[in-house]
Amino acid sequence: MSSLVSAIGYILAVSYPVLAISTGTRAVYQLFFKEGVVYLLPSILSGIAALCYLVAGFGFAYRRRWTWWLSVSVLLFESLMTLTIGIWSLIDPATVGSTVWRHFGADYGYFPLFQPLLGLIWLFWPTTVRE
(Lines give C-alpha, C1' and ligand atoms only; values in the text may rest on other atoms or scores of the structure.)
Protein backbone atom coordinates (compact mmCIF):
# COMPACT_ATOMS: atom_id res chain seq x y z
CA MET A 1 0.00 0.00 0.00
CA SER A 2 2.91 2.30 0.71
CA SER A 3 4.15 2.05 -2.89
CA LEU A 4 0.68 2.95 -4.16
CA VAL A 5 0.61 6.09 -2.01
CA SER A 6 4.11 6.98 -3.21
CA ALA A 7 2.91 6.63 -6.81
CA ILE A 8 -0.02 8.91 -6.02
CA GLY A 9 2.49 11.52 -4.85
CA TYR A 10 4.32 11.37 -8.18
CA ILE A 11 1.05 11.63 -10.12
CA LEU A 12 0.07 14.69 -8.09
CA ALA A 13 3.47 16.29 -8.57
CA VAL A 14 3.01 16.09 -12.35
CA SER A 15 -0.73 16.56 -12.76
CA TYR A 16 -1.20 19.64 -10.58
CA PRO A 17 1.26 21.86 -12.48
CA VAL A 18 -0.14 20.60 -15.80
CA LEU A 19 -3.69 21.49 -14.76
CA ALA A 20 -2.53 24.84 -13.37
CA ILE A 21 -0.93 25.74 -16.71
CA SER A 22 -3.89 24.44 -18.71
CA THR A 23 -6.63 26.17 -16.74
CA GLY A 24 -4.57 29.30 -16.15
CA THR A 25 -3.85 29.70 -19.85
CA ARG A 26 -7.52 29.16 -20.64
CA ALA A 27 -8.60 31.77 -18.08
CA VAL A 28 -6.06 34.37 -19.21
CA TYR A 29 -7.00 33.87 -22.86
CA GLN A 30 -10.72 34.18 -22.17
CA LEU A 31 -10.33 37.17 -19.87
CA PHE A 32 -7.84 39.24 -21.86
CA PHE A 33 -7.54 38.06 -25.46
CA LYS A 34 -10.78 36.43 -26.62
CA GLU A 35 -13.12 38.89 -28.26
CA GLY A 36 -16.82 38.94 -27.57
CA VAL A 37 -16.72 37.50 -24.07
CA VAL A 38 -19.62 39.03 -22.22
CA TYR A 39 -20.00 36.66 -19.33
CA LEU A 40 -16.85 36.47 -17.20
CA LEU A 41 -17.91 33.96 -14.52
CA PRO A 42 -16.55 30.85 -16.32
CA SER A 43 -13.19 32.53 -16.92
CA ILE A 44 -12.96 33.73 -13.33
CA LEU A 45 -13.82 30.25 -12.03
CA SER A 46 -11.12 28.74 -14.26
CA GLY A 47 -8.65 31.30 -12.91
CA ILE A 48 -9.56 30.39 -9.33
CA ALA A 49 -9.10 26.71 -10.17
CA ALA A 50 -5.67 27.42 -11.70
CA LEU A 51 -4.65 29.28 -8.56
CA CYS A 52 -5.83 26.35 -6.42
CA TYR A 53 -3.80 23.91 -8.53
CA LEU A 54 -0.73 26.12 -8.31
CA VAL A 55 -0.94 26.55 -4.52
CA ALA A 56 -1.63 22.85 -3.93
CA GLY A 57 1.29 21.89 -6.18
CA PHE A 58 3.52 24.24 -4.21
CA GLY A 59 2.38 22.56 -1.01
CA PHE A 60 3.22 19.11 -2.38
CA ALA A 61 6.69 20.18 -3.49
CA TYR A 62 7.70 22.42 -0.56
CA ARG A 63 7.35 20.06 2.41
CA ARG A 64 6.83 22.16 5.52
CA ARG A 65 4.12 22.00 8.19
CA TRP A 66 2.49 25.26 7.07
CA THR A 67 2.41 24.14 3.43
CA TRP A 68 0.78 20.88 4.54
CA TRP A 69 -2.03 22.89 6.14
CA LEU A 70 -2.21 25.17 3.11
CA SER A 71 -2.52 22.18 0.76
CA VAL A 72 -5.20 20.54 2.89
CA SER A 73 -7.21 23.78 2.94
CA VAL A 74 -6.86 24.31 -0.81
CA LEU A 75 -7.80 20.70 -1.61
CA LEU A 76 -10.89 20.89 0.59
CA PHE A 77 -11.88 24.17 -1.12
CA GLU A 78 -11.20 22.63 -4.53
CA SER A 79 -13.36 19.58 -3.71
CA LEU A 80 -16.18 21.81 -2.51
CA MET A 81 -16.00 23.96 -5.65
CA THR A 82 -15.91 20.93 -7.95
CA LEU A 83 -19.04 19.54 -6.34
CA THR A 84 -20.83 22.90 -6.13
CA ILE A 85 -20.07 24.03 -9.68
CA GLY A 86 -20.59 20.50 -10.99
CA ILE A 87 -24.11 20.39 -9.56
CA TRP A 88 -24.77 24.00 -10.61
CA SER A 89 -23.71 23.19 -14.17
CA LEU A 90 -26.29 20.41 -14.34
CA ILE A 91 -29.04 22.69 -13.04
CA ASP A 92 -28.16 25.89 -14.94
CA PRO A 93 -25.52 25.19 -17.61
CA ALA A 94 -25.88 28.60 -19.27
CA THR A 95 -24.81 30.44 -16.12
CA VAL A 96 -21.80 28.25 -15.40
CA GLY A 97 -20.62 28.16 -18.99
CA SER A 98 -17.40 26.36 -19.84
CA THR A 99 -15.18 26.11 -16.79
CA VAL A 100 -12.81 23.46 -15.46
CA TRP A 101 -15.31 22.42 -12.77
CA ARG A 102 -18.27 22.15 -15.19
CA HIS A 103 -19.89 18.71 -15.06
CA PHE A 104 -17.45 17.74 -12.30
CA GLY A 105 -14.44 18.29 -14.56
CA ALA A 106 -15.67 16.26 -17.55
CA ASP A 107 -13.67 18.41 -20.00
CA TYR A 108 -10.51 17.55 -18.06
CA GLY A 109 -11.07 13.81 -17.73
CA TYR A 110 -12.71 14.23 -14.31
CA PHE A 111 -9.30 15.05 -12.81
CA PRO A 112 -10.81 18.02 -10.92
CA LEU A 113 -13.19 15.59 -9.20
CA PHE A 114 -10.81 12.86 -8.05
CA GLN A 115 -7.47 14.67 -7.96
CA PRO A 116 -8.12 16.60 -4.70
CA LEU A 117 -9.33 13.39 -3.08
CA LEU A 118 -6.09 11.65 -4.05
CA GLY A 119 -4.21 14.68 -2.73
CA LEU A 120 -5.98 14.49 0.62
CA ILE A 121 -5.31 10.75 0.89
CA TRP A 122 -1.65 11.40 0.15
CA LEU A 123 -1.39 14.29 2.62
CA PHE A 124 -3.06 12.34 5.44
CA TRP A 125 -1.12 9.14 4.79
CA PRO A 126 0.98 8.42 7.92
CA THR A 127 4.28 8.37 6.04
CA THR A 128 3.56 11.75 4.45
CA VAL A 129 2.42 13.31 7.72
CA ARG A 130 5.65 12.21 9.47
CA GLU A 131 7.91 13.79 6.84
# chains A, B, ... in the order shown; residues from 1 in each chain; ligands from 1

call {"tool": "residues_around", "arguments": {"residues": "Leu4 (chain A)", "least_positions_apart": "6", "cutoff": "12 Å", "atoms": "only C-alpha atoms", "output": "VMD selection string"}}
result
chain A and resid 10 to 11 118 121 to 122 125

call {"tool": "residues_around", "arguments": {"residues": "Met81 (chain A)", "least_positions_apart": "4", "cutoff": "9 Å", "atoms": "only C-alpha atoms", "output": "PyMOL selection string"}}
result
chain A and resi 49+76-77+85-86+101

call {"tool": "closest_residue", "arguments": {"among": "A:Met1, A:Leu12, A:Leu123, A:Leu41", "to": "Arg63 (chain A)", "atoms": "only C-alpha atoms"}}
result
A:Leu123

call {"tool": "select_by_dssp", "arguments": {"residues": "chain A", "states": "alpha helix (DSSP H)", "output": "PyMOL selection string"}}
result
chain A and resi 2-28+41-61+65-91+93-96+111-124+126-130

call {"tool": "closest_residue", "arguments": {"among": "A:Pro126, A:Tyr53, A:Tyr110, A:Pro42", "to": "Val14 (chain A)", "atoms": "only C-alpha atoms"}}
result
A:Tyr53
